[in-house]
>>> print(open('target.txt').read())   # compact mmCIF, N, CA and C atoms
# COMPACT_ATOMS: atom_id res chain seq x y z
N MET A 206 -45.39 15.16 11.11
CA MET A 206 -44.62 15.88 12.11
C MET A 206 -43.52 15.00 12.69
N PHE A 207 -43.84 13.77 13.03
CA PHE A 207 -42.86 12.85 13.59
C PHE A 207 -41.70 12.65 12.63
N VAL A 208 -42.01 12.46 11.34
CA VAL A 208 -40.97 12.24 10.33
C VAL A 208 -40.06 13.46 10.25
N GLU A 209 -40.64 14.68 10.29
CA GLU A 209 -39.82 15.90 10.25
C GLU A 209 -38.79 15.89 11.37
N HIS A 210 -39.21 15.55 12.58
CA HIS A 210 -38.29 15.56 13.71
C HIS A 210 -37.19 14.53 13.54
N ILE A 211 -37.50 13.37 13.00
CA ILE A 211 -36.49 12.35 12.74
C ILE A 211 -35.48 12.88 11.72
N ILE A 212 -35.96 13.52 10.65
CA ILE A 212 -35.08 14.06 9.63
C ILE A 212 -34.15 15.10 10.24
N ILE A 213 -34.70 16.00 11.03
CA ILE A 213 -33.91 17.06 11.63
C ILE A 213 -32.84 16.49 12.56
N LEU A 214 -33.19 15.46 13.30
CA LEU A 214 -32.24 14.85 14.21
C LEU A 214 -31.10 14.17 13.47
N LEU A 215 -31.39 13.57 12.34
CA LEU A 215 -30.40 12.78 11.62
C LEU A 215 -29.59 13.59 10.62
N MET A 216 -30.18 14.64 10.07
CA MET A 216 -29.53 15.36 8.99
C MET A 216 -29.21 16.78 9.38
N LYS A 217 -28.18 17.28 8.77
CA LYS A 217 -27.81 18.67 8.95
C LYS A 217 -27.53 19.25 7.58
N LEU A 218 -27.85 20.51 7.42
CA LEU A 218 -27.57 21.18 6.16
C LEU A 218 -26.17 21.78 6.20
N SER A 219 -25.51 21.79 5.05
CA SER A 219 -24.23 22.49 4.94
C SER A 219 -24.52 23.99 4.97
N LYS A 220 -23.49 24.79 5.08
CA LYS A 220 -23.66 26.24 5.12
C LYS A 220 -24.35 26.75 3.85
N THR A 221 -23.95 26.25 2.70
CA THR A 221 -24.56 26.70 1.43
C THR A 221 -26.00 26.19 1.31
N GLU A 222 -26.25 24.99 1.82
CA GLU A 222 -27.63 24.48 1.82
C GLU A 222 -28.51 25.30 2.76
N GLU A 223 -27.95 25.68 3.91
CA GLU A 223 -28.71 26.51 4.85
C GLU A 223 -29.06 27.85 4.23
N GLU A 224 -28.12 28.43 3.51
CA GLU A 224 -28.38 29.71 2.84
C GLU A 224 -29.54 29.58 1.86
N LEU A 225 -29.50 28.52 1.06
CA LEU A 225 -30.57 28.28 0.10
C LEU A 225 -31.89 27.98 0.81
N MET A 226 -31.81 27.20 1.87
CA MET A 226 -33.02 26.87 2.64
C MET A 226 -33.64 28.12 3.24
N ASN A 227 -32.81 29.06 3.71
CA ASN A 227 -33.33 30.32 4.23
C ASN A 227 -34.10 31.09 3.17
N HIS A 228 -33.60 31.09 1.94
CA HIS A 228 -34.33 31.73 0.85
C HIS A 228 -35.67 31.03 0.62
N LEU A 229 -35.65 29.71 0.65
CA LEU A 229 -36.87 28.95 0.41
C LEU A 229 -37.87 29.15 1.56
N TRP A 230 -37.39 29.21 2.79
CA TRP A 230 -38.29 29.48 3.92
C TRP A 230 -38.96 30.84 3.76
N LYS A 231 -38.19 31.83 3.30
CA LYS A 231 -38.76 33.18 3.11
C LYS A 231 -39.79 33.19 2.00
N LEU A 232 -39.50 32.50 0.92
CA LEU A 232 -40.40 32.49 -0.24
C LEU A 232 -41.57 31.51 -0.06
N ASN A 233 -41.39 30.51 0.76
CA ASN A 233 -42.37 29.45 1.02
C ASN A 233 -42.45 28.42 -0.10
N LYS A 234 -42.48 28.86 -1.33
CA LYS A 234 -42.38 27.96 -2.49
C LYS A 234 -41.77 28.78 -3.62
N ALA A 235 -40.96 28.12 -4.44
CA ALA A 235 -40.23 28.88 -5.45
C ALA A 235 -39.76 27.99 -6.59
N PHE A 236 -39.75 28.59 -7.77
CA PHE A 236 -39.12 27.97 -8.93
C PHE A 236 -37.64 28.36 -8.90
N MET A 237 -36.84 27.70 -9.72
CA MET A 237 -35.41 27.97 -9.78
C MET A 237 -35.15 29.46 -10.01
N LYS A 238 -35.86 30.08 -10.95
CA LYS A 238 -35.63 31.49 -11.26
C LYS A 238 -35.90 32.38 -10.05
N ASP A 239 -36.91 32.02 -9.23
CA ASP A 239 -37.22 32.80 -8.03
C ASP A 239 -36.06 32.72 -7.03
N LEU A 240 -35.51 31.52 -6.89
CA LEU A 240 -34.39 31.33 -5.96
C LEU A 240 -33.15 32.09 -6.42
N LEU A 241 -32.88 32.03 -7.71
CA LEU A 241 -31.70 32.74 -8.23
C LEU A 241 -31.85 34.26 -8.06
N GLU A 242 -33.07 34.77 -8.18
CA GLU A 242 -33.30 36.21 -8.05
C GLU A 242 -32.98 36.73 -6.66
N VAL A 243 -33.20 35.93 -5.62
CA VAL A 243 -33.00 36.43 -4.25
C VAL A 243 -31.55 36.37 -3.79
N TYR A 244 -30.70 35.68 -4.53
CA TYR A 244 -29.29 35.64 -4.18
C TYR A 244 -28.64 36.99 -4.51
N PRO A 245 -27.74 37.45 -3.65
CA PRO A 245 -27.00 38.68 -3.99
C PRO A 245 -25.96 38.38 -5.06
N GLU A 246 -25.43 39.42 -5.66
CA GLU A 246 -24.35 39.26 -6.64
C GLU A 246 -23.06 38.90 -5.91
N PRO A 247 -22.21 38.10 -6.44
CA PRO A 247 -22.38 37.32 -7.66
C PRO A 247 -23.29 36.11 -7.40
N LYS A 248 -24.26 35.95 -8.26
CA LYS A 248 -25.24 34.88 -8.11
C LYS A 248 -24.58 33.53 -8.42
N PRO A 249 -25.00 32.48 -7.73
CA PRO A 249 -24.45 31.15 -8.04
C PRO A 249 -24.97 30.67 -9.40
N ALA A 250 -24.27 29.73 -9.97
CA ALA A 250 -24.71 29.14 -11.23
C ALA A 250 -25.98 28.33 -11.00
N THR A 251 -26.81 28.27 -12.02
CA THR A 251 -28.04 27.49 -11.94
C THR A 251 -27.74 26.04 -11.58
N THR A 252 -26.67 25.50 -12.14
CA THR A 252 -26.32 24.10 -11.86
C THR A 252 -25.95 23.90 -10.39
N THR A 253 -25.33 24.92 -9.79
CA THR A 253 -24.97 24.84 -8.37
C THR A 253 -26.22 24.76 -7.51
N VAL A 254 -27.17 25.65 -7.80
CA VAL A 254 -28.42 25.66 -7.03
C VAL A 254 -29.19 24.36 -7.26
N ALA A 255 -29.20 23.87 -8.50
CA ALA A 255 -29.88 22.61 -8.80
C ALA A 255 -29.26 21.45 -8.02
N THR A 256 -27.94 21.42 -7.92
CA THR A 256 -27.25 20.38 -7.16
C THR A 256 -27.60 20.47 -5.67
N LEU A 257 -27.60 21.69 -5.14
CA LEU A 257 -27.97 21.88 -3.73
C LEU A 257 -29.41 21.42 -3.49
N LEU A 258 -30.32 21.78 -4.37
CA LEU A 258 -31.72 21.38 -4.21
C LEU A 258 -31.88 19.86 -4.25
N LYS A 259 -31.11 19.21 -5.13
CA LYS A 259 -31.18 17.74 -5.20
C LYS A 259 -30.69 17.13 -3.90
N ARG A 260 -29.57 17.63 -3.37
CA ARG A 260 -29.04 17.11 -2.11
C ARG A 260 -30.04 17.34 -0.97
N MET A 261 -30.65 18.52 -0.95
CA MET A 261 -31.60 18.85 0.10
C MET A 261 -32.86 17.99 -0.02
N ALA A 262 -33.27 17.68 -1.23
CA ALA A 262 -34.41 16.79 -1.45
C ALA A 262 -34.06 15.37 -1.01
N ASP A 263 -32.84 14.93 -1.33
CA ASP A 263 -32.39 13.61 -0.91
C ASP A 263 -32.34 13.48 0.61
N LYS A 264 -32.02 14.58 1.29
CA LYS A 264 -31.97 14.59 2.75
C LYS A 264 -33.37 14.74 3.37
N GLY A 265 -34.37 15.06 2.54
CA GLY A 265 -35.73 15.19 3.05
C GLY A 265 -36.09 16.58 3.53
N PHE A 266 -35.33 17.59 3.15
CA PHE A 266 -35.63 18.95 3.57
C PHE A 266 -36.56 19.69 2.62
N VAL A 267 -36.51 19.35 1.34
CA VAL A 267 -37.36 20.00 0.35
C VAL A 267 -38.01 18.97 -0.55
N ALA A 268 -39.08 19.40 -1.18
CA ALA A 268 -39.74 18.59 -2.20
C ALA A 268 -40.15 19.55 -3.30
N TYR A 269 -40.74 19.01 -4.36
CA TYR A 269 -41.16 19.89 -5.45
C TYR A 269 -42.40 19.34 -6.13
N LYS A 270 -43.09 20.25 -6.81
CA LYS A 270 -44.22 19.89 -7.67
C LYS A 270 -43.79 20.23 -9.09
N LEU A 271 -44.15 19.34 -10.01
CA LEU A 271 -43.82 19.59 -11.42
C LEU A 271 -44.92 20.40 -12.09
N PHE A 272 -44.51 21.42 -12.82
CA PHE A 272 -45.39 22.23 -13.66
C PHE A 272 -44.78 22.19 -15.05
N GLY A 273 -45.19 21.22 -15.85
CA GLY A 273 -44.52 21.00 -17.13
C GLY A 273 -43.13 20.49 -16.84
N ASN A 274 -42.12 21.22 -17.35
CA ASN A 274 -40.73 20.86 -17.08
C ASN A 274 -40.16 21.59 -15.87
N ALA A 275 -40.92 22.54 -15.33
CA ALA A 275 -40.43 23.35 -14.22
C ALA A 275 -40.79 22.72 -12.88
N ARG A 276 -39.90 22.86 -11.93
CA ARG A 276 -40.11 22.35 -10.58
C ARG A 276 -40.33 23.52 -9.62
N GLN A 277 -41.40 23.43 -8.86
CA GLN A 277 -41.64 24.41 -7.81
C GLN A 277 -41.27 23.75 -6.48
N TYR A 278 -40.24 24.28 -5.85
CA TYR A 278 -39.72 23.71 -4.61
C TYR A 278 -40.42 24.30 -3.40
N TYR A 279 -40.53 23.50 -2.36
CA TYR A 279 -41.11 23.96 -1.10
C TYR A 279 -40.45 23.21 0.05
N PRO A 280 -40.35 23.86 1.22
CA PRO A 280 -39.69 23.22 2.36
C PRO A 280 -40.58 22.14 2.99
N LEU A 281 -39.95 21.08 3.44
CA LEU A 281 -40.65 20.03 4.19
C LEU A 281 -40.43 20.19 5.69
N VAL A 282 -39.44 20.98 6.06
CA VAL A 282 -39.08 21.19 7.46
C VAL A 282 -39.26 22.66 7.78
N LYS A 283 -39.86 22.93 8.92
CA LYS A 283 -40.06 24.31 9.36
C LYS A 283 -38.75 24.89 9.88
N LYS A 284 -38.54 26.17 9.61
CA LYS A 284 -37.32 26.85 10.03
C LYS A 284 -37.15 26.77 11.55
N LYS A 285 -38.20 27.01 12.28
CA LYS A 285 -38.13 26.99 13.74
C LYS A 285 -37.69 25.62 14.24
N ASP A 286 -38.25 24.56 13.66
CA ASP A 286 -37.90 23.20 14.08
C ASP A 286 -36.43 22.90 13.79
N TYR A 287 -35.97 23.30 12.61
CA TYR A 287 -34.58 23.03 12.24
C TYR A 287 -33.61 23.75 13.18
N PHE A 288 -33.82 25.04 13.37
CA PHE A 288 -32.87 25.79 14.18
C PHE A 288 -32.98 25.46 15.66
N SER A 289 -34.15 25.06 16.11
CA SER A 289 -34.30 24.61 17.49
C SER A 289 -33.43 23.37 17.73
N LYS A 290 -33.47 22.42 16.81
CA LYS A 290 -32.66 21.20 16.94
C LYS A 290 -31.18 21.53 16.86
N GLN A 291 -30.81 22.46 15.97
CA GLN A 291 -29.40 22.83 15.84
C GLN A 291 -28.90 23.50 17.11
N LEU A 292 -29.71 24.39 17.68
CA LEU A 292 -29.33 25.07 18.92
C LEU A 292 -29.23 24.08 20.08
N ASN A 293 -30.19 23.18 20.16
CA ASN A 293 -30.13 22.16 21.22
C ASN A 293 -28.89 21.29 21.07
N GLY A 294 -28.52 20.97 19.85
CA GLY A 294 -27.30 20.20 19.60
C GLY A 294 -26.06 20.97 20.01
N LEU A 295 -26.06 22.26 19.75
CA LEU A 295 -24.94 23.12 20.15
C LEU A 295 -24.82 23.15 21.67
N ILE A 296 -25.93 23.31 22.36
CA ILE A 296 -25.93 23.34 23.83
C ILE A 296 -25.43 22.00 24.38
N LYS A 297 -25.89 20.91 23.78
CA LYS A 297 -25.48 19.59 24.25
C LYS A 297 -23.98 19.36 24.02
N THR A 298 -23.50 19.74 22.84
CA THR A 298 -22.11 19.49 22.47
C THR A 298 -21.12 20.40 23.20
N PHE A 299 -21.40 21.69 23.25
CA PHE A 299 -20.42 22.64 23.75
C PHE A 299 -20.66 23.13 25.17
N PHE A 300 -21.84 22.87 25.71
CA PHE A 300 -22.17 23.40 27.04
C PHE A 300 -22.67 22.30 27.98
N ASN A 301 -22.19 21.08 27.76
CA ASN A 301 -22.52 19.94 28.63
C ASN A 301 -24.03 19.78 28.85
N ASP A 302 -24.78 20.04 27.80
CA ASP A 302 -26.24 19.91 27.85
C ASP A 302 -26.86 20.83 28.92
N SER A 303 -26.21 21.96 29.18
CA SER A 303 -26.65 22.89 30.21
C SER A 303 -27.08 24.22 29.58
N ALA A 304 -28.37 24.50 29.62
CA ALA A 304 -28.88 25.76 29.09
C ALA A 304 -28.34 26.94 29.90
N SER A 305 -28.13 26.75 31.20
CA SER A 305 -27.62 27.85 32.02
C SER A 305 -26.17 28.18 31.66
N GLN A 306 -25.35 27.15 31.35
CA GLN A 306 -23.98 27.42 30.89
C GLN A 306 -24.00 28.19 29.57
N PHE A 307 -24.93 27.78 28.68
CA PHE A 307 -25.06 28.49 27.41
C PHE A 307 -25.48 29.93 27.64
N ALA A 308 -26.49 30.15 28.51
CA ALA A 308 -26.98 31.50 28.79
C ALA A 308 -25.88 32.36 29.40
N SER A 309 -25.10 31.78 30.29
CA SER A 309 -24.00 32.50 30.91
C SER A 309 -22.98 32.92 29.85
N PHE A 310 -22.59 32.00 29.00
CA PHE A 310 -21.64 32.30 27.92
C PHE A 310 -22.22 33.36 27.00
N PHE A 311 -23.47 33.17 26.60
CA PHE A 311 -24.12 34.07 25.65
C PHE A 311 -24.18 35.50 26.20
N THR A 312 -24.56 35.66 27.45
CA THR A 312 -24.71 37.00 28.01
C THR A 312 -23.37 37.65 28.31
N GLN A 313 -22.35 36.86 28.63
CA GLN A 313 -21.04 37.43 28.95
C GLN A 313 -20.16 37.67 27.72
N GLU A 314 -20.29 36.82 26.71
CA GLU A 314 -19.37 36.88 25.58
C GLU A 314 -19.92 37.62 24.36
N THR A 315 -21.17 38.04 24.42
CA THR A 315 -21.71 38.83 23.31
C THR A 315 -21.79 40.28 23.74
N ASP A 316 -21.87 41.14 22.79
CA ASP A 316 -21.86 42.57 23.07
C ASP A 316 -23.30 43.09 23.18
N LEU A 317 -24.04 42.56 24.15
CA LEU A 317 -25.43 42.97 24.31
C LEU A 317 -25.52 44.25 25.12
N SER A 318 -26.43 45.12 24.70
CA SER A 318 -26.66 46.35 25.45
C SER A 318 -27.47 46.05 26.71
N LYS A 319 -27.54 47.01 27.60
CA LYS A 319 -28.35 46.85 28.81
C LYS A 319 -29.81 46.61 28.43
N GLU A 320 -30.28 47.31 27.40
CA GLU A 320 -31.67 47.15 26.96
C GLU A 320 -31.92 45.74 26.43
N GLU A 321 -30.97 45.21 25.68
CA GLU A 321 -31.12 43.84 25.16
C GLU A 321 -31.12 42.82 26.28
N LEU A 322 -30.27 43.02 27.27
CA LEU A 322 -30.24 42.11 28.42
C LEU A 322 -31.55 42.18 29.20
N GLU A 323 -32.09 43.38 29.36
CA GLU A 323 -33.39 43.52 30.04
C GLU A 323 -34.51 42.86 29.24
N GLU A 324 -34.43 42.97 27.93
CA GLU A 324 -35.42 42.31 27.07
C GLU A 324 -35.34 40.79 27.23
N LEU A 325 -34.12 40.26 27.29
CA LEU A 325 -33.94 38.82 27.52
C LEU A 325 -34.52 38.41 28.87
N ARG A 326 -34.26 39.22 29.90
CA ARG A 326 -34.80 38.92 31.22
C ARG A 326 -36.33 38.90 31.18
N ASN A 327 -36.93 39.86 30.47
CA ASN A 327 -38.39 39.89 30.34
C ASN A 327 -38.93 38.64 29.64
N LEU A 328 -38.22 38.20 28.60
CA LEU A 328 -38.62 36.97 27.90
C LEU A 328 -38.56 35.78 28.83
N ILE A 329 -37.49 35.69 29.61
CA ILE A 329 -37.33 34.57 30.55
C ILE A 329 -38.41 34.64 31.63
N ASP A 330 -38.65 35.83 32.16
CA ASP A 330 -39.70 36.00 33.18
C ASP A 330 -41.06 35.57 32.64
N THR A 331 -41.34 35.91 31.41
CA THR A 331 -42.62 35.51 30.80
C THR A 331 -42.71 34.00 30.68
N GLU A 332 -41.61 33.37 30.26
CA GLU A 332 -41.60 31.91 30.13
C GLU A 332 -41.79 31.24 31.50
N ILE A 333 -41.17 31.80 32.53
CA ILE A 333 -41.32 31.24 33.87
C ILE A 333 -42.78 31.32 34.32
N LYS A 334 -43.41 32.44 34.06
CA LYS A 334 -44.83 32.60 34.43
C LYS A 334 -45.72 31.62 33.69
N ASN A 335 -45.35 31.27 32.46
CA ASN A 335 -46.17 30.37 31.64
C ASN A 335 -45.96 28.89 31.97
N LYS A 336 -44.99 28.57 32.79
CA LYS A 336 -44.69 27.17 33.13
C LYS A 336 -45.60 26.66 34.22
>>> encode(input="target.txt", output="structure tokens")
Amino acid sequence: MFVEHIIILLMKLSKTEEELMNHLWKLNKAFMKDLLEVYPEPKPATTTVATLLKRMADKGFVAYKLFGNARQYYPLVKKKDYFSKQLNGLIKTFFNDSASQFASFFTQETDLSKEELEELRNLIDTEIKNK
């Protein structure tokens, strides 16, 4: 667990790596053919996906098990942990490390319905009660 957090803090996925990682998070483990199947048309070349997987393995985000000549890939980092760190980095960088500035921007600049805003308030109220 400690190593995962260090990796997440030090490394970031590119947009194309994130897309592939999202597929892998959904599948939990996958061979190359499984990953290619979940991409929409036009599908990327096998060599492109192989290059992305190698880079992601080098960064410590994925690993694989060998089955003969085939590699079954699996994530080493949990989706929640990765996106939590990315969101915290965004808040730190663009909102002076202020969650309230982020919340203010988010609620004012997005097109949330009254129901969605009430749902957010309920989530916050629940978190306050649990503290």
>>> atom_distance(input="target.txt", atom1="CA of Phe236 (chain A)", atom2="CA of Gln291 (chain A)")
27.1 Å
>>> atom_distance(input="target.txt", atom1="atom C of Tyr287 (chain A)", atom2="CA of Ala275 (chain A)")
28.2 Å
>>> atom_distance(input="target.txt", atom1="atom C of Phe311 (chain A)", atom2="atom N of Ser219 (chain A)")
25.2 Å
>>> axis_aligned_box(input="target.txt", around="region 285-294 of chain A", padding_each_side="3 Å", output="AutoDock Vina command-line options")
--center_x -32.2 --center_y 23.6 --center_z 16.7 --size_x 18.2 --size_y 12.8 --size_z 15.0
>>> select_by_dssp(input="target.txt", residues="chain A", states="helix (DSSP H, G or I)", output="VMD selection string")
chain A and resid 207 to 215 220 to 232 237 to 243 251 to 263 284 to 299 304 to 314 319 to 335
>>> select_by_dssp(input="target.txt", residues="region 228-330 of chain A", states="strand (DSSP E)", output="list in words")
Ala235, Phe236, Val267, Ala268, Tyr269, Lys270, Leu271, Phe272, Ala275, Arg276, Gln277, Tyr278, Tyr279 and Pro280 of chain A
>>> residues_near_point(input="target.txt", point="(-38.2, 20.1, 4.6)", cutoff="8 Å", atoms="all atoms listed in the file", output="mmCIF file with N, CA and C atoms, keeping the file's coordinate frame")
data_model
loop_
_atom_site.group_PDB
_atom_site.id
_atom_site.type_symbol
_atom_site.label_atom_id
_atom_site.label_comp_id
_atom_site.auth_asym_id
_atom_site.auth_seq_id
_atom_site.Cartn_x
_atom_site.Cartn_y
_atom_site.Cartn_z
ATOM 1 N N GLU A 209 -40.640 14.680 10.290
ATOM 2 C CA GLU A 209 -39.820 15.900 10.250
ATOM 3 C C GLU A 209 -38.790 15.890 11.370
ATOM 4 N N MET A 261 -30.650 18.520 -0.950
ATOM 5 C CA MET A 261 -31.600 18.850 0.100
ATOM 6 C C MET A 261 -32.860 17.990 -0.020
ATOM 7 N N ALA A 262 -33.270 17.680 -1.230
ATOM 8 C CA ALA A 262 -34.410 16.790 -1.450
ATOM 9 C C ALA A 262 -34.060 15.370 -1.010
ATOM 10 N N LYS A 264 -32.020 14.580 1.290
ATOM 11 C CA LYS A 264 -31.970 14.590 2.750
ATOM 12 C C LYS A 264 -33.370 14.740 3.370
ATOM 13 N N GLY A 265 -34.370 15.060 2.540
ATOM 14 C CA GLY A 265 -35.730 15.190 3.050
ATOM 15 C C GLY A 265 -36.090 16.580 3.530
ATOM 16 N N PHE A 266 -35.330 17.590 3.150
ATOM 17 C CA PHE A 266 -35.630 18.950 3.570
ATOM 18 C C PHE A 266 -36.560 19.690 2.620
ATOM 19 N N VAL A 267 -36.510 19.350 1.340
ATOM 20 C CA VAL A 267 -37.360 20.000 0.350
ATOM 21 C C VAL A 267 -38.010 18.970 -0.550
ATOM 22 N N ALA A 268 -39.080 19.400 -1.180
ATOM 23 C CA ALA A 268 -39.740 18.590 -2.200
ATOM 24 C C ALA A 268 -40.150 19.550 -3.300
ATOM 25 N N TYR A 279 -40.530 23.500 -2.360
ATOM 26 C CA TYR A 279 -41.110 23.960 -1.100
ATOM 27 C C TYR A 279 -40.450 23.210 0.050
ATOM 28 N N PRO A 280 -40.350 23.860 1.220
ATOM 29 C CA PRO A 280 -39.690 23.220 2.360
ATOM 30 C C PRO A 280 -40.580 22.140 2.990
ATOM 31 N N LEU A 281 -39.950 21.080 3.440
ATOM 32 C CA LEU A 281 -40.650 20.030 4.190
ATOM 33 C C LEU A 281 -40.430 20.190 5.690
ATOM 34 N N VAL A 282 -39.440 20.980 6.060
ATOM 35 C CA VAL A 282 -39.080 21.190 7.460
ATOM 36 C C VAL A 282 -39.260 22.660 7.780
ATOM 37 N N LYS A 283 -39.860 22.930 8.920
ATOM 38 C CA LYS A 283 -40.060 24.310 9.360
ATOM 39 C C LYS A 283 -38.750 24.890 9.880
ATOM 40 N N LYS A 284 -38.540 26.170 9.610
ATOM 41 C CA LYS A 284 -37.320 26.850 10.030
ATOM 42 C C LYS A 284 -37.150 26.770 11.550
#
>>> build_atoms(input="target.txt", residues="region 244-252 of chain A", atoms="all heavy atoms", output="JSON list (two decimals), in the frame of the given file")
[["chain", "number", "residue", "atom", "x", "y", "z"],
["A", 244, "TYR", "N", -30.70, 35.68, -4.53],
["A", 244, "TYR", "CA", -29.29, 35.64, -4.18],
["A", 244, "TYR", "C", -28.64, 36.99, -4.51],
["A", 244, "TYR", "O", -28.94, 37.59, -5.54],
["A", 244, "TYR", "CB", -28.55, 34.55, -4.97],
["A", 244, "TYR", "CG", -28.54, 33.21, -4.30],
["A", 244, "TYR", "CD1", -29.49, 32.25, -4.62],
["A", 244, "TYR", "CD2", -27.56, 32.89, -3.37],
["A", 244, "TYR", "CE1", -29.47, 31.01, -4.02],
["A", 244, "TYR", "CE2", -27.53, 31.64, -2.76],
["A", 244, "TYR", "CZ", -28.49, 30.71, -3.10],
["A", 244, "TYR", "OH", -28.47, 29.48, -2.49],
["A", 245, "PRO", "N", -27.74, 37.45, -3.65],
["A", 245, "PRO", "CA", -27.00, 38.68, -3.99],
["A", 245, "PRO", "C", -25.96, 38.38, -5.06],
["A", 245, "PRO", "O", -25.63, 37.22, -5.32],
["A", 245, "PRO", "CB", -26.33, 39.05, -2.66],
["A", 245, "PRO", "CG", -26.19, 37.75, -1.92],
["A", 245, "PRO", "CD", -27.37, 36.91, -2.35],
["A", 246, "GLU", "N", -25.43, 39.42, -5.66],
["A", 246, "GLU", "CA", -24.35, 39.26, -6.64],
["A", 246, "GLU", "C", -23.06, 38.90, -5.91],
["A", 246, "GLU", "O", -22.85, 39.39, -4.80],
["A", 246, "GLU", "CB", -24.17, 40.55, -7.45],
["A", 246, "GLU", "CG", -25.34, 40.90, -8.35],
["A", 246, "GLU", "CD", -25.54, 39.94, -9.51],
["A", 246, "GLU", "OE1", -24.57, 39.20, -9.85],
["A", 246, "GLU", "OE2", -26.64, 39.90, -10.06],
["A", 247, "PRO", "N", -22.21, 38.10, -6.44],
["A", 247, "PRO", "CA", -22.38, 37.32, -7.66],
["A", 247, "PRO", "C", -23.29, 36.11, -7.40],
["A", 247, "PRO", "O", -23.12, 35.40, -6.41],
["A", 247, "PRO", "CB", -20.96, 36.86, -7.99],
["A", 247, "PRO", "CG", -20.27, 36.81, -6.65],
["A", 247, "PRO", "CD", -20.91, 37.87, -5.80],
["A", 248, "LYS", "N", -24.26, 35.95, -8.26],
["A", 248, "LYS", "CA", -25.24, 34.88, -8.11],
["A", 248, "LYS", "C", -24.58, 33.53, -8.42],
["A", 248, "LYS", "O", -23.71, 33.45, -9.28],
["A", 248, "LYS", "CB", -26.43, 35.12, -9.02],
["A", 248, "LYS", "CG", -27.21, 36.36, -8.63],
["A", 248, "LYS", "CD", -28.46, 36.50, -9.43],
["A", 248, "LYS", "CE", -29.19, 37.78, -9.10],
["A", 248, "LYS", "NZ", -29.69, 37.89, -7.76],
["A", 249, "PRO", "N", -25.00, 32.48, -7.73],
["A", 249, "PRO", "CA", -24.45, 31.15, -8.04],
["A", 249, "PRO", "C", -24.97, 30.67, -9.40],
["A", 249, "PRO", "O", -26.01, 31.14, -9.88],
["A", 249, "PRO", "CB", -24.99, 30.28, -6.90],
["A", 249, "PRO", "CG", -26.23, 30.97, -6.44],
["A", 249, "PRO", "CD", -25.99, 32.43, -6.66],
["A", 250, "ALA", "N", -24.27, 29.73, -9.97],
["A", 250, "ALA", "CA", -24.71, 29.14, -11.23],
["A", 250, "ALA", "C", -25.98, 28.33, -11.00],
["A", 250, "ALA", "O", -26.19, 27.78, -9.92],
["A", 250, "ALA", "CB", -23.61, 28.23, -11.79],
["A", 251, "THR", "N", -26.81, 28.27, -12.02],
["A", 251, "THR", "CA", -28.04, 27.49, -11.94],
["A", 251, "THR", "C", -27.74, 26.04, -11.58],
["A", 251, "THR", "O", -28.46, 25.43, -10.78],
["A", 251, "THR", "CB", -28.80, 27.55, -13.30],
["A", 251, "THR", "OG1", -29.03, 28.92, -13.61],
["A", 251, "THR", "CG2", -30.11, 26.82, -13.25],
["A", 252, "THR", "N", -26.67, 25.50, -12.14],
["A", 252, "THR", "CA", -26.32, 24.10, -11.86],
["A", 252, "THR", "C", -25.95, 23.90, -10.39],
["A", 252, "THR", "O", -26.23, 22.86, -9.81],
["A", 252, "THR", "CB", -25.16, 23.64, -12.75],
["A", 252, "THR", "OG1", -24.07, 24.56, -12.62],
["A", 252, "THR", "CG2", -25.57, 23.55, -14.21]]
